[in-house]
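**Q** Below is the file query.cif, which contains mmCIF, C-alpha atoms and all ligand atoms; chains and numbers go by the auth columns.
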```cif
data_final
#
loop_
_atom_site.group_PDB
_atom_site.id
_atom_site.type_symbol
_atom_site.label_atom_id
_atom_site.label_comp_id
_atom_site.label_asym_id
_atom_site.label_seq_id
_atom_site.Cartn_x
_atom_site.Cartn_y
_atom_site.Cartn_z
_atom_site.B_iso_or_equiv
_atom_site.auth_seq_id
_atom_site.auth_asym_id
ATOM 1 C CA MET A 1 84.017 -22.068 99.675 0.00 26 Q
ATOM 2 C CA HIS A 2 84.583 -21.136 96.008 0.00 27 Q
ATOM 3 C CA ALA A 3 85.126 -24.595 94.552 0.00 28 Q
ATOM 4 C CA ARG A 4 82.865 -25.313 91.580 0.00 29 Q
ATOM 5 C CA CYS A 5 82.541 -28.913 92.701 0.00 30 Q
ATOM 6 C CA ARG A 6 81.481 -27.988 96.219 0.00 31 Q
ATOM 7 C CA SER A 7 77.919 -29.269 95.936 0.00 32 Q
ATOM 8 C CA MET A 8 78.587 -31.871 93.264 0.00 33 Q
ATOM 9 C CA ASP A 9 78.698 -35.629 93.595 0.00 34 Q
ATOM 10 C CA THR A 10 82.309 -36.798 94.048 0.00 35 Q
ATOM 11 C CA GLU A 11 81.694 -39.735 91.674 0.00 36 Q
ATOM 12 C CA LEU A 12 82.603 -37.456 88.792 0.00 37 Q
ATOM 13 C CA PHE A 13 86.078 -36.877 90.199 0.00 38 Q
ATOM 14 C CA PHE A 14 87.063 -40.326 91.448 0.00 39 Q
ATOM 15 C CA PRO A 15 87.203 -43.696 89.735 0.00 40 Q
ATOM 16 C CA CYS A 16 84.773 -46.385 90.788 0.00 41 Q
ATOM 17 C CA GLU A 17 85.424 -50.095 90.939 0.00 42 Q
ATOM 18 C CA GLY A 18 85.077 -51.791 87.591 0.00 43 Q
ATOM 19 C CA GLU A 19 85.141 -48.569 85.612 0.00 44 Q
ATOM 20 C CA GLY A 20 86.108 -49.285 82.026 0.00 45 Q
ATOM 21 C CA GLN A 21 88.652 -47.275 80.113 0.00 46 Q
ATOM 22 C CA GLY A 22 86.059 -45.541 77.939 0.00 47 Q
ATOM 23 C CA ALA A 23 83.918 -44.580 80.931 0.00 48 Q
ATOM 24 C CA ARG A 24 86.998 -43.353 82.743 0.00 49 Q
ATOM 25 C CA ILE A 25 88.054 -41.143 79.856 0.00 50 Q
ATOM 26 C CA ARG A 26 84.544 -39.646 79.597 0.00 51 Q
ATOM 27 C CA ARG A 27 84.311 -39.101 83.353 0.00 52 Q
ATOM 28 C CA GLU A 28 87.729 -37.455 83.553 0.00 53 Q
ATOM 29 C CA ARG A 29 86.919 -35.246 80.589 0.00 54 Q
ATOM 30 C CA ALA A 30 83.672 -34.133 82.270 0.00 55 Q
ATOM 31 C CA ALA A 31 85.479 -33.493 85.562 0.00 56 Q
ATOM 32 C CA LYS A 32 88.138 -31.437 83.811 0.00 57 Q
ATOM 33 C CA HIS A 33 85.363 -29.422 82.185 0.00 58 Q
ATOM 34 C CA VAL A 34 84.078 -28.537 85.672 0.00 59 Q
ATOM 35 C CA CYS A 35 87.587 -27.659 86.877 0.00 60 Q
ATOM 36 C CA GLU A 36 88.521 -25.497 83.890 0.00 61 Q
ATOM 37 C CA PRO A 37 86.850 -22.261 85.089 0.00 62 Q
ATOM 38 C CA CYS A 38 87.099 -23.054 88.811 0.00 63 Q
ATOM 39 C CA PRO A 39 88.468 -20.037 90.731 0.00 64 Q
ATOM 40 C CA VAL A 40 90.524 -22.269 93.047 0.00 65 Q
ATOM 41 C CA ARG A 41 91.909 -24.522 90.358 0.00 66 Q
ATOM 42 C CA THR A 42 95.559 -23.648 90.957 0.00 67 Q
ATOM 43 C CA GLU A 43 95.290 -24.136 94.714 0.00 68 Q
ATOM 44 C CA CYS A 44 93.467 -27.428 94.190 0.00 69 Q
ATOM 45 C CA ARG A 45 96.077 -28.761 91.767 0.00 70 Q
ATOM 46 C CA ASN A 46 98.934 -27.615 94.013 0.00 71 Q
ATOM 47 C CA HIS A 47 97.349 -29.304 97.009 0.00 72 Q
ATOM 48 C CA ALA A 48 97.155 -32.583 95.084 0.00 73 Q
ATOM 49 C CA LEU A 49 100.790 -32.268 93.984 0.00 74 Q
ATOM 50 C CA ILE A 50 102.102 -31.374 97.433 0.00 75 Q
ATOM 51 C CA THR A 51 100.174 -34.064 99.257 0.00 76 Q
ATOM 52 C CA GLY A 52 100.749 -36.688 96.566 0.00 77 Q
ATOM 53 C CA GLU A 53 97.079 -37.393 95.942 0.00 78 Q
ATOM 54 C CA GLN A 54 97.063 -40.676 94.063 0.00 79 Q
ATOM 55 C CA PHE A 55 93.463 -40.767 92.929 0.00 80 Q
ATOM 56 C CA GLY A 56 90.989 -38.489 91.296 0.00 81 Q
ATOM 57 C CA VAL A 57 90.796 -35.294 89.313 0.00 82 Q
ATOM 58 C CA TRP A 58 92.185 -32.341 91.243 0.00 83 Q
ATOM 59 C CA GLY A 59 92.608 -28.904 89.749 0.00 84 Q
ATOM 60 C CA GLY A 60 91.896 -30.227 86.279 0.00 85 Q
ATOM 61 C CA THR A 61 94.575 -32.919 86.483 0.00 86 Q
ATOM 62 C CA THR A 62 94.154 -36.665 86.632 0.00 87 Q
ATOM 63 C CA GLU A 63 96.471 -38.886 88.641 0.00 88 Q
ATOM 64 C CA LYS A 64 98.252 -39.701 85.383 0.00 89 Q
ATOM 65 C CA ASP A 65 98.680 -36.004 84.529 0.00 90 Q
ATOM 66 C CA ARG A 66 100.182 -35.355 87.951 0.00 91 Q
ATOM 67 C CA ARG A 67 102.921 -37.931 87.427 0.00 92 Q
ATOM 68 C CA TYR A 68 104.478 -35.482 84.977 0.00 93 Q
ATOM 69 C CA LEU A 69 104.077 -32.350 87.114 0.00 94 Q
ATOM 70 C CA ARG A 70 106.377 -31.169 89.859 0.00 95 Q
ATOM 71 C CA PRO A 71 104.952 -29.935 93.143 0.00 96 Q
ATOM 72 C CA PRO A 72 105.278 -26.168 93.547 0.00 97 Q
ATOM 73 C CA ARG A 73 107.782 -24.859 96.041 0.00 98 Q
ATOM 74 C CA LEU A 74 106.057 -24.565 99.381 0.00 99 Q
ATOM 75 C CA GLY A 75 106.902 -20.879 99.903 0.00 100 Q
ATOM 76 C CA ARG A 76 105.356 -20.041 96.580 0.00 101 Q
ATOM 77 C CA TYR A 77 102.285 -22.157 97.338 0.00 102 Q
ATOM 78 C CA ARG A 78 101.641 -20.279 100.560 0.00 103 Q
ATOM 79 C CA SER A 79 101.988 -16.786 99.067 0.00 104 Q
HETATM 80 S S1 LIG B . 89.626 -27.384 90.535 0.00 1 Z
HETATM 81 FE FE1 LIG B . 89.424 -28.600 92.434 0.00 1 Z
HETATM 82 S S2 LIG B . 87.986 -27.436 93.657 0.00 1 Z
HETATM 83 FE FE2 LIG B . 87.771 -26.715 91.549 0.00 1 Z
HETATM 84 S S3 LIG B . 86.160 -27.935 90.603 0.00 1 Z
HETATM 85 FE FE3 LIG B . 88.084 -28.959 90.178 0.00 1 Z
HETATM 86 S S4 LIG B . 88.346 -30.468 91.833 0.00 1 Z
HETATM 87 FE FE4 LIG B . 86.792 -28.981 92.501 0.00 1 Z
#
```
Could you take the file, read its structure, and then write that structure out as structure tokens?
**A**
Amino acid sequence: MHARCRSMDTELFFPCEGEGQGARIRRERAAKHVCEPCPVRTECRNHALITGEQFGVWGGTTEKDRRYLRPPRLGRYRS
């Protein structure tokens, strides 16, 4: 309900076939800019970490960023 991306096109958050490195970097940067002030950013990022989302920008993190982050403990996530 409170996601900043709620009515946005998902193309900004997910890679498309044939996307070049430069386009990918620009797209991810723009997506992160949307996520930065999102009121559900933490929940979004935690969801991606817990479920092992392999693609896309979630909670201001790319799939590459998430490789270096640990999922939160489930009890903490639910509180
Ligand atoms: S943090 Fe998640 S819900 Fe918020 S804008 Fe980014 S992708 Fe959308």
**Q** For ligand LIG 1 (chain Z), which residue out of Q:Met26, Q:Cys60, Q:Leu99, Q:Cys41 is the nearest one, using only C-alpha atoms and all ligand atoms?
**A**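 Of Q:Met26, Q:Cys60, Q:Leu99, Q:Cys41, the one nearest ligand LIG 1 (chain Z) is Q:Cys60, counting only C-alpha atoms and all ligand atoms.
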**Q** Pick out the residues sitting within 9 Å of Val59 in chain Q, and hand them over as a list in words; count all atoms listed in the file, and ignore anything fewer than 6 positions along from it in its own chain.
**A**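 So the residues in contact are Arg29, Cys30 and Gly85 of chain Q.
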**Q** Where does the PyMOL selection byres (((chain Q and resi 54) around 10) and not hetatm) land in this file, that is, which residues does it pick, as a PyMOL selection string?
**A** chain Q and resi 37-38+48-53+55-60+82+85-87
**Q** Restricting the calculation to all atoms listed in the file: of Q:Glu42, Q:Arg31, Q:Gly84, Q:Ile75, which residue gets closest to ligand LIG 1 (chain Z)?
**A**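 Going through Q:Glu42, Q:Arg31, Q:Gly84, Q:Ile75 one by one, the smallest distance to ligand LIG 1 (chain Z) is for Q:Gly84.
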**Q** Run the PyMOL selection byres (((chain Q and resi 65) around 8) and not hetatm) against the file shown and list the residues it catches, as a list in words.
**A**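 When the PyMOL selection byres (((chain Q and resi 65) around 8) and not hetatm) is applied, the selected residues are His27, Ala28, Cys63, Pro64, Arg66, Thr67, Glu68, Cys69 and Gly84 of chain Q.
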**Q** How many Å separate CA of Arg95 in chain Q from CA of Ser32 in chain Q?
**A**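 Going from CA of Arg95 in chain Q over to CA of Ser32 in chain Q covers 29.2 Å.
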**Q** Could you check the closest approach to ligand LIG 1 (chain Z) for each of Q:Glu36, Q:Glu61, Q:Asp90, Q:Glu78 and tell me which residue wins, using all atoms listed in the file?
**A**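 Nearest to ligand LIG 1 (chain Z): Q:Glu61.
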**Q** Draw an axis-aligned box over all listed atoms of ligand LIG 1 (chain Z), pad each side with 6 Å, and write its centre and edge lengths in Å, one decimal, as AutoDock Vina command-line options.
**A**
```
--center_x 87.9 --center_y -28.6 --center_z 91.9 --size_x 15.5 --size_y 15.8 --size_z 15.5
```
**Q** Looking at Q:Pro97, Q:Glu88, Q:Pro62, Q:Pro40, which one is nearest to ligand LIG 1 (chain Z), with distances taken over all atoms listed in the file?
**A**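 Selected residue with least distance to ligand LIG 1 (chain Z): Q:Pro62.
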**Q** Q:Thr35, Q:Asn71, Q:Trp83, Q:Gly77: which is nearest ligand LIG 1 (chain Z), counting all atoms listed in the file?
**A** Q:Trp83
**Q** To one decimal place in Å, what is the distance between CA of Leu74 in chain Q and CA of Arg91 in chain Q?
**A**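 Interatomic distance here is 6.8 Å.
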